[in-house]
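Novice: Here you go, start_15.pdb (PDB, C-alpha atoms):
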```
ATOM      1  CA  MET T   1       0.000   0.000   0.000
ATOM      2  CA  LYS T   2       2.875   2.352   0.796
ATOM      3  CA  LEU T   3       4.247   1.738  -2.697
ATOM      4  CA  VAL T   4       0.979   2.974  -4.228
ATOM      5  CA  PHE T   5       0.997   6.081  -2.042
ATOM      6  CA  ASP T   6       4.620   6.825  -2.983
ATOM      7  CA  ILE T   7       3.805   6.508  -6.697
ATOM      8  CA  LEU T   8       0.846   8.863  -6.219
ATOM      9  CA  LYS T   9       3.137  11.361  -4.477
ATOM     10  CA  GLY T  10       5.536  11.096  -7.409
ATOM     11  CA  MET T  11       2.674  11.842  -9.781
ATOM     12  CA  VAL T  12       1.761  14.946  -7.788
ATOM     13  CA  ILE T  13       5.404  16.113  -7.969
ATOM     14  CA  GLY T  14       5.517  15.437 -11.710
ATOM     15  CA  LEU T  15       2.290  17.341 -12.370
ATOM     16  CA  ALA T  16       3.491  20.246 -10.239
ATOM     17  CA  ASN T  17       6.556  20.624 -12.438
ATOM     18  CA  ILE T  18       4.325  21.015 -15.512
ATOM     19  CA  ILE T  19       2.248  23.877 -14.134
ATOM     20  CA  PRO T  20       3.804  27.382 -14.225
ATOM     21  CA  GLY T  21       3.948  28.806 -10.717
ATOM     22  CA  VAL T  22       3.814  25.432  -8.969
ATOM     23  CA  SER T  23       6.982  23.780  -7.675
ATOM     24  CA  GLY T  24       7.727  20.089  -7.397
ATOM     25  CA  GLY T  25       9.863  20.935  -4.370
ATOM     26  CA  THR T  26       6.839  22.558  -2.738
ATOM     27  CA  MET T  27       4.870  19.354  -3.194
ATOM     28  CA  MET T  28       7.725  17.357  -1.660
ATOM     29  CA  VAL T  29       7.664  19.585   1.414
ATOM     30  CA  SER T  30       3.865  19.627   1.550
ATOM     31  CA  MET T  31       3.741  15.829   1.547
ATOM     32  CA  GLY T  32       6.410  15.528   4.239
ATOM     33  CA  ILE T  33       8.992  13.727   2.082
ATOM     34  CA  TYR T  34      11.430  16.555   1.331
ATOM     35  CA  ASP T  35      14.214  15.632   3.779
ATOM     36  CA  THR T  36      13.959  11.954   2.830
ATOM     37  CA  LEU T  37      14.303  12.598  -0.898
ATOM     38  CA  ILE T  38      17.170  15.070  -0.454
ATOM     39  CA  TYR T  39      19.038  12.514   1.688
ATOM     40  CA  CYS T  40      18.501   9.700  -0.837
ATOM     41  CA  ILE T  41      19.660  11.866  -3.751
ATOM     42  CA  THR T  42      22.846  12.991  -2.003
ATOM     43  CA  HIS T  43      23.605   9.475  -0.723
ATOM     44  CA  LEU T  44      22.641   7.669  -3.922
ATOM     45  CA  PHE T  45      26.101   6.179  -4.513
ATOM     46  CA  LYS T  46      26.990   5.639  -0.853
ATOM     47  CA  GLN T  47      23.728   3.823  -0.065
ATOM     48  CA  LEU T  48      22.753   2.722  -3.556
ATOM     49  CA  LYS T  49      20.213  -0.013  -2.810
ATOM     50  CA  LYS T  50      18.378   1.868  -0.060
ATOM     51  CA  SER T  51      18.316   5.131  -2.028
ATOM     52  CA  VAL T  52      17.127   3.517  -5.261
ATOM     53  CA  LEU T  53      14.353   1.593  -3.504
ATOM     54  CA  THR T  54      13.194   4.813  -1.842
ATOM     55  CA  LEU T  55      13.406   7.018  -4.945
ATOM     56  CA  LEU T  56      12.093   4.538  -7.525
ATOM     57  CA  PRO T  57       8.345   4.759  -6.693
ATOM     58  CA  TYR T  58       8.497   8.576  -6.774
ATOM     59  CA  ALA T  59      10.399   8.478 -10.072
ATOM     60  CA  ILE T  60       7.825   6.097 -11.566
ATOM     61  CA  GLY T  61       5.026   8.411 -10.474
ATOM     62  CA  MET T  62       6.761  11.442 -11.965
ATOM     63  CA  VAL T  63       7.319   9.707 -15.303
ATOM     64  CA  LEU T  64       3.708   8.493 -15.408
ATOM     65  CA  ALA T  65       2.479  12.022 -14.734
ATOM     66  CA  LEU T  66       4.817  13.734 -17.199
ATOM     67  CA  VAL T  67       4.222  11.269 -20.045
ATOM     68  CA  GLY T  68       0.672  10.128 -19.398
ATOM     69  CA  LEU T  69      -0.984  13.223 -17.970
ATOM     70  CA  SER T  70       0.823  16.135 -19.669
ATOM     71  CA  PHE T  71      -1.917  16.233 -22.325
ATOM     72  CA  ILE T  72      -4.691  16.299 -19.735
ATOM     73  CA  ILE T  73      -3.117  18.878 -17.439
ATOM     74  CA  THR T  74      -2.224  21.285 -20.248
ATOM     75  CA  ALA T  75      -5.769  21.008 -21.637
ATOM     76  CA  ALA T  76      -7.201  21.556 -18.150
ATOM     77  CA  LEU T  77      -5.026  24.643 -17.694
ATOM     78  CA  GLU T  78      -6.244  26.072 -20.991
ATOM     79  CA  LYS T  79      -9.962  25.453 -20.378
ATOM     80  CA  TYR T  80     -10.243  25.435 -16.574
ATOM     81  CA  ALA T  81      -7.267  27.447 -15.332
ATOM     82  CA  LEU T  82      -8.691  28.570 -11.976
ATOM     83  CA  PRO T  83     -10.081  25.186 -10.809
ATOM     84  CA  THR T  84      -6.899  23.382 -11.918
ATOM     85  CA  ASN T  85      -4.616  25.829 -10.140
ATOM     86  CA  MET T  86      -6.818  25.818  -7.046
ATOM     87  CA  LEU T  87      -6.298  22.052  -6.836
ATOM     88  CA  PHE T  88      -2.561  22.635  -6.467
ATOM     89  CA  ILE T  89      -3.053  25.575  -4.101
ATOM     90  CA  GLY T  90      -5.084  23.187  -1.951
ATOM     91  CA  LEU T  91      -2.219  20.703  -2.077
ATOM     92  CA  ILE T  92       0.164  23.431  -0.906
ATOM     93  CA  PHE T  93      -2.010  24.566   2.012
ATOM     94  CA  GLY T  94      -2.779  21.000   3.024
ATOM     95  CA  GLY T  95       0.926  20.404   3.511
ATOM     96  CA  LEU T  96       1.684  23.494   5.607
ATOM     97  CA  PRO T  97       1.403  21.588   8.925
ATOM     98  CA  ALA T  98       4.236  19.317   7.729
ATOM     99  CA  ILE T  99       6.457  22.368   7.171
ATOM    100  CA  LEU T 100       5.548  23.980  10.487
ATOM    101  CA  SER T 101       6.385  20.742  12.291
ATOM    102  CA  GLN T 102       9.925  20.947  10.866
ATOM    103  CA  ILE T 103      10.375  24.485  12.217
ATOM    104  CA  LYS T 104       8.983  23.765  15.678
ATOM    105  CA  GLY T 105      11.699  23.905  18.321
ATOM    106  CA  GLU T 106      14.393  25.173  15.928
ATOM    107  CA  LYS T 107      16.259  28.470  16.377
ATOM    108  CA  LYS T 108      14.761  31.181  14.172
ATOM    109  CA  GLY T 109      14.495  34.671  15.693
ATOM    110  CA  VAL T 110      14.701  37.842  13.614
ATOM    111  CA  PRO T 111      16.896  36.236  10.900
ATOM    112  CA  GLY T 112      14.161  33.648  10.352
ATOM    113  CA  VAL T 113      11.526  36.354   9.874
ATOM    114  CA  VAL T 114      13.791  38.258   7.464
ATOM    115  CA  LEU T 115      14.485  35.114   5.408
ATOM    116  CA  PHE T 116      10.770  34.294   5.310
ATOM    117  CA  LEU T 117       9.898  37.764   3.969
ATOM    118  CA  LEU T 118      12.791  37.912   1.490
ATOM    119  CA  PHE T 119      12.074  34.550  -0.100
ATOM    120  CA  ALA T 120       8.326  35.194  -0.186
ATOM    121  CA  ALA T 121       8.999  38.485  -1.985
ATOM    122  CA  LEU T 122      11.349  36.703  -4.427
ATOM    123  CA  ILE T 123       8.595  34.358  -5.622
ATOM    124  CA  ILE T 124       6.119  37.183  -6.158
ATOM    125  CA  ILE T 125       8.701  39.281  -8.039
ATOM    126  CA  LEU T 126       9.536  36.344 -10.327
ATOM    127  CA  GLU T 127       5.855  35.963 -11.172
ATOM    128  CA  VAL T 128       5.439  39.689 -11.858
ATOM    129  CA  ILE T 129       8.363  39.752 -14.323
ATOM    130  CA  ARG T 130       7.406  36.455 -15.980
ATOM    131  CA  THR T 131       6.952  36.644 -19.751
ATOM    132  CA  GLU T 132       5.461  34.355 -22.384
ATOM    133  CA  ASN T 133       8.417  34.503 -24.783
ATOM    134  CA  THR T 134       9.153  31.313 -26.706
ATOM    135  CA  VAL T 135      12.479  30.494 -28.358
ATOM    136  CA  ASP T 136      12.693  28.748 -31.708
ATOM    137  CA  ILE T 137      14.934  25.745 -31.119
ATOM    138  CA  ARG T 138      17.257  24.852 -34.001
ATOM    139  CA  LEU T 139      19.549  22.099 -32.804
ATOM    140  CA  SER T 140      23.238  23.009 -32.810
ATOM    141  CA  VAL T 141      26.138  22.686 -30.379
ATOM    142  CA  LEU T 142      25.243  26.048 -28.810
ATOM    143  CA  GLU T 143      21.578  25.091 -28.527
ATOM    144  CA  VAL T 144      22.466  21.767 -26.889
ATOM    145  CA  ILE T 145      24.528  23.683 -24.294
ATOM    146  CA  LYS T 146      21.592  26.056 -23.708
ATOM    147  CA  LEU T 147      19.215  23.114 -23.246
ATOM    148  CA  PHE T 148      21.639  21.561 -20.754
ATOM    149  CA  VAL T 149      21.763  24.839 -18.784
ATOM    150  CA  MET T 150      17.964  25.086 -18.874
ATOM    151  CA  GLY T 151      17.818  21.562 -17.483
ATOM    152  CA  VAL T 152      20.117  22.542 -14.599
ATOM    153  CA  ILE T 153      17.943  25.590 -13.860
ATOM    154  CA  ALA T 154      14.734  23.546 -14.054
ATOM    155  CA  SER T 155      16.125  20.832 -11.781
ATOM    156  CA  ALA T 156      17.297  23.387  -9.236
ATOM    157  CA  THR T 157      13.780  24.731  -9.006
ATOM    158  CA  MET T 158      12.406  21.203  -8.705
ATOM    159  CA  VAL T 159      14.549  20.702  -5.608
ATOM    160  CA  ILE T 160      14.124  24.197  -4.141
ATOM    161  CA  PRO T 161      10.553  24.509  -2.782
ATOM    162  CA  GLY T 162       8.402  27.381  -3.987
ATOM    163  CA  VAL T 163      10.413  28.161  -7.114
ATOM    164  CA  SER T 164       8.610  26.857 -10.181
ATOM    165  CA  GLY T 165      10.730  25.196 -12.844
ATOM    166  CA  SER T 166       7.990  25.935 -15.368
ATOM    167  CA  MET T 167       8.027  29.609 -14.364
ATOM    168  CA  MET T 168      11.789  29.831 -14.845
ATOM    169  CA  LEU T 169      11.588  28.088 -18.218
ATOM    170  CA  MET T 170       8.938  30.611 -19.254
ATOM    171  CA  LEU T 171      11.231  33.480 -18.259
ATOM    172  CA  PHE T 172      13.857  32.125 -20.671
ATOM    173  CA  GLY T 173      11.330  31.102 -23.355
ATOM    174  CA  TYR T 174      11.940  27.346 -23.144
ATOM    175  CA  TYR T 175       8.723  26.223 -21.451
ATOM    176  CA  HIS T 176       6.563  25.594 -24.520
ATOM    177  CA  PRO T 177       9.376  23.984 -26.615
ATOM    178  CA  VAL T 178      10.247  21.534 -23.811
ATOM    179  CA  VAL T 179       6.629  20.641 -22.956
ATOM    180  CA  GLY T 180       5.902  20.367 -26.683
ATOM    181  CA  ALA T 181       8.880  18.019 -27.086
ATOM    182  CA  VAL T 182       7.537  15.751 -24.306
ATOM    183  CA  ARG T 183       4.156  15.548 -25.998
ATOM    184  CA  GLY T 184       5.765  15.227 -29.433
ATOM    185  CA  LEU T 185       7.981  12.348 -28.293
ATOM    186  CA  THR T 186       4.982  10.537 -26.792
ATOM    187  CA  THR T 187       3.024  10.925 -30.037
ATOM    188  CA  ALA T 188       6.015   9.896 -32.170
ATOM    189  CA  LEU T 189       6.646   6.784 -30.073
ATOM    190  CA  ALA T 190       2.995   5.755 -30.360
ATOM    191  CA  ALA T 191       3.145   6.182 -34.153
ATOM    192  CA  PHE T 192       6.669   4.710 -34.514
ATOM    193  CA  ASP T 193       7.682   7.970 -36.224
ATOM    194  CA  MET T 194      11.478   7.749 -36.168
ATOM    195  CA  GLY T 195      11.970  11.284 -37.473
ATOM    196  CA  GLY T 196       9.735  12.688 -34.749
ATOM    197  CA  ILE T 197      11.433  10.541 -32.103
ATOM    198  CA  LEU T 198      14.913  11.796 -33.059
ATOM    199  CA  ALA T 199      13.841  15.433 -33.326
ATOM    200  CA  ASN T 200      12.161  15.509 -29.917
ATOM    201  CA  ALA T 201      14.840  13.360 -28.255
ATOM    202  CA  GLY T 202      17.434  15.843 -29.519
ATOM    203  CA  ILE T 203      15.737  18.471 -27.354
ATOM    204  CA  LEU T 204      14.949  16.315 -24.338
ATOM    205  CA  ILE T 205      18.257  14.424 -23.919
ATOM    206  CA  PRO T 206      20.520  17.444 -23.191
ATOM    207  CA  PHE T 207      17.720  18.974 -21.130
ATOM    208  CA  GLY T 208      17.395  15.714 -19.168
ATOM    209  CA  VAL T 209      21.150  15.463 -18.563
ATOM    210  CA  GLY T 210      21.051  19.012 -17.181
ATOM    211  CA  ILE T 211      18.226  18.017 -14.864
ATOM    212  CA  VAL T 212      20.201  15.078 -13.451
ATOM    213  CA  VAL T 213      23.343  17.175 -12.867
ATOM    214  CA  GLY T 214      21.353  20.009 -11.304
ATOM    215  CA  ILE T 215      19.385  17.764  -8.973
ATOM    216  CA  PHE T 216      22.565  16.270  -7.458
ATOM    217  CA  ALA T 217      24.317  19.637  -7.104
ATOM    218  CA  ILE T 218      21.405  21.535  -5.537
ATOM    219  CA  ALA T 219      20.341  18.615  -3.331
ATOM    220  CA  LYS T 220      23.823  18.551  -1.781
ATOM    221  CA  MET T 221      23.611  22.271  -1.076
ATOM    222  CA  ILE T 222      20.192  21.869   0.551
ATOM    223  CA  GLU T 223      21.446  18.959   2.662
ATOM    224  CA  VAL T 224      24.281  21.100   4.046
ATOM    225  CA  LEU T 225      21.893  23.980   4.820
ATOM    226  CA  LEU T 226      19.458  21.670   6.612
ATOM    227  CA  ALA T 227      22.265  20.090   8.622
ATOM    228  CA  LYS T 228      23.731  23.406   9.803
ATOM    229  CA  TRP T 229      20.785  25.825   9.859
ATOM    230  CA  LYS T 230      17.602  23.742   9.724
ATOM    231  CA  GLY T 231      15.349  26.347  11.388
ATOM    232  CA  LEU T 232      16.496  29.210   9.185
ATOM    233  CA  THR T 233      16.427  27.061   6.056
ATOM    234  CA  TYR T 234      12.838  26.044   6.718
ATOM    235  CA  CYS T 235      11.892  29.685   7.389
ATOM    236  CA  ALA T 236      13.130  30.479   3.870
ATOM    237  CA  ILE T 237      11.302  27.408   2.519
ATOM    238  CA  LEU T 238       8.108  28.488   4.293
ATOM    239  CA  GLY T 239       8.369  31.908   2.654
ATOM    240  CA  LEU T 240       8.753  30.289  -0.771
ATOM    241  CA  VAL T 241       5.831  27.934  -0.182
ATOM    242  CA  VAL T 242       3.408  30.493   1.314
ATOM    243  CA  ALA T 243       4.091  32.941  -1.531
ATOM    244  CA  SER T 244       3.521  30.291  -4.218
ATOM    245  CA  PRO T 245      -0.312  30.473  -4.107
ATOM    246  CA  VAL T 246      -0.097  34.279  -4.316
ATOM    247  CA  ALA T 247       2.170  34.025  -7.371
ATOM    248  CA  ILE T 248      -0.165  31.482  -8.981
ATOM    249  CA  LEU T 249      -3.220  33.699  -8.464
ATOM    250  CA  ILE T 250      -1.401  36.784  -9.762
ATOM    251  CA  GLY T 251      -0.598  34.980 -13.002
ATOM    252  CA  LEU T 252      -4.167  33.890 -13.796
ATOM    253  CA  ASP T 253      -6.550  35.485 -16.289
ATOM    254  CA  TYR T 254      -9.822  36.224 -14.482
ATOM    255  CA  SER T 255     -11.828  37.359 -17.485
ATOM    256  CA  GLY T 256     -15.032  35.377 -18.016
ATOM    257  CA  ILE T 257     -14.936  33.648 -14.627
ATOM    258  CA  GLY T 258     -18.461  33.028 -13.326
ATOM    259  CA  VAL T 259     -20.065  31.799 -10.130
ATOM    260  CA  MET T 260     -19.956  28.141 -11.235
ATOM    261  CA  THR T 261     -16.217  28.353 -11.920
ATOM    262  CA  VAL T 262     -15.653  29.807  -8.458
ATOM    263  CA  LEU T 263     -17.728  27.048  -6.837
ATOM    264  CA  VAL T 264     -15.853  24.343  -8.743
ATOM    265  CA  SER T 265     -12.577  26.000  -7.704
ATOM    266  CA  VAL T 266     -13.625  25.799  -4.054
ATOM    267  CA  VAL T 267     -14.264  22.074  -4.532
ATOM    268  CA  THR T 268     -10.904  21.481  -6.254
ATOM    269  CA  PHE T 269      -9.133  23.458  -3.512
ATOM    270  CA  ALA T 270     -10.804  21.285  -0.866
ATOM    271  CA  ALA T 271      -9.867  18.150  -2.831
ATOM    272  CA  GLY T 272      -6.233  19.241  -3.066
ATOM    273  CA  PHE T 273      -6.143  20.084   0.644
ATOM    274  CA  ALA T 274      -7.634  16.699   1.541
ATOM    275  CA  ILE T 275      -5.186  14.821  -0.707
ATOM    276  CA  ALA T 276      -2.156  16.598   0.801
ATOM    277  CA  TRP T 277      -3.495  16.080   4.321
ATOM    278  CA  ALA T 278      -4.039  12.359   3.685
ATOM    279  CA  LEU T 279      -0.609  11.890   2.081
ATOM    280  CA  CYS T 280       1.079  13.733   4.961
ATOM    281  CA  ARG T 281      -0.715  11.612   7.544
ATOM    282  CA  LYS T 282       0.300   8.470   5.659
ATOM    283  CA  GLU T 283       3.930   9.639   5.583
ATOM    284  CA  ALA T 284       3.873  10.357   9.327
ATOM    285  CA  GLN T 285       2.629   6.840  10.160
TER     286      GLN T 285
END
```
Spit out the file's structure as structure tokens when you get a sec.

Specialist:
Amino acid sequence: MKLVFDILKGMVIGLANIIPGVSGGTMMVSMGIYDTLIYCITHLFKQLKKSVLTLLPYAIGMVLALVGLSFIITAALEKYALPTNMLFIGLIFGGLPAILSQIKGEKKGVPGVVLFLLFAALIIILEVIRTENTVDIRLSVLEVIKLFVMGVIASATMVIPGVSGSMMLMLFGYYHPVVGAVRGLTTALAAFDMGGILANAGILIPFGVGIVVGIFAIAKMIEVLLAKWKGLTYCAILGLVVASPVAILIGLDYSGIGVMTVLVSVVTFAAGFAIAWALCRKEAQ
């Protein structure tokens, strides 16, 4: 049963990384698995079997979500943006008790308050300056290097709670090409279209390598911060997480939203809250 729950958590993390403004790292914290995943990533080679067995269900869930649900979630965002985003805002709020439990008893003081405010402001500023620019990818050595760097940036934001990898990719104009390549590769594989497979893989492979490198590098940094300054680190994380719903709501288009949409959004928020609450309780057991 735990395996199923871990796969579901991985799916939530994977979906969060698709949606601009939502962070996979935030979902990790909200579901109470952040410290565990950071430890397994940084000790992957020292404790290979234990780390792989822990990470594998989450990885399976992420892949299932990214490959199998990217079509659904992007369509939902286009047609039902507010209810879809409210689902993830509910997931964030439902996990706040897990974050607060990490801070309880740790030294914080004025520096903790300052870090909370600074990192909360950072998320809101990033959302305000976000653009919808899209680059035209023409594969070359320089473009492969750029895709690798984008992968490092995206992975860093996957590990750092509150900072959306999708948001950062949008700032640089790589969000739609990368998401399009995921969907294009899925379609090409289903149709055995070798040309389409090679074209989309040419985008996703250097991007994926960047993700792997970035995850290891940033996870090590986070592990050191948690070991030395856990209370202050979680104050910064709390600022990132609490500001995420604000950033999400700022970025939405509210034109044409009626009473029914608002009511459905309340339901999806409650569903997200309940899911996060249940997953956190399961993790605590």

Novice: With only C-alpha atoms as the counted atoms, please give the residues lying no more than 7 Å from segment 32-43 of chain T, apart from itself and same-chain residues fewer than 3 positions off, as a ChimeraX atom specification.

Specialist: /T:28-29,46-47,51,55,98,216,219-220,223,280,283

Novice: Quick check, in Å to one decimal: how far apart do atom CA of Leu118 of chain T and atom CA of Ser244 of chain T lie?

Specialist: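 About the pair atom CA of Leu118 of chain T and atom CA of Ser244 of chain T: they are 13.3 Å apart.
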
Novice: Please put the answer as AutoDock Vina command-line options: centre and edge lengths, in Å with one decimal, of a box along x, y and z that encloses all listed atoms of segment 90-105 of chain T plus 6 Å on each side.

Specialist:
```
--center_x 3.3 --center_y 21.9 --center_z 8.1 --size_x 28.8 --size_y 17.2 --size_z 32.4
```

Novice: Show which residues sit within 12 Å of Val12 of chain T, as a PyMOL selection string. Count all atoms listed in the file, and ignore same-chain residues fewer than 6 positions away.

Specialist: chain T and resi 5-6+18-19+22-31+58-66+69-70+73+87-88+91-92+272+275-276+279

Novice: Counting only C-alpha atoms, which of T:Leu204, T:Leu82, T:Met11, T:Val113 gets nearest to Val259 of chain T?

Specialist: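 Among the listed residues, the smallest separation from Val259 of chain T belongs to T:Leu82.
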
Novice: Have a look at T:Val241, T:Met221, T:Ala154, T:Ala81 and name the one nearest to Met170 of chain T; count only C-alpha atoms.

Specialist: T:Ala154

Novice: Using Å and a single decimal, report how far atom CA of Leu226 of chain T sits from atom CA of Val149 of chain T.

Specialist: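 Computing it gives 25.7 Å between the two atoms.
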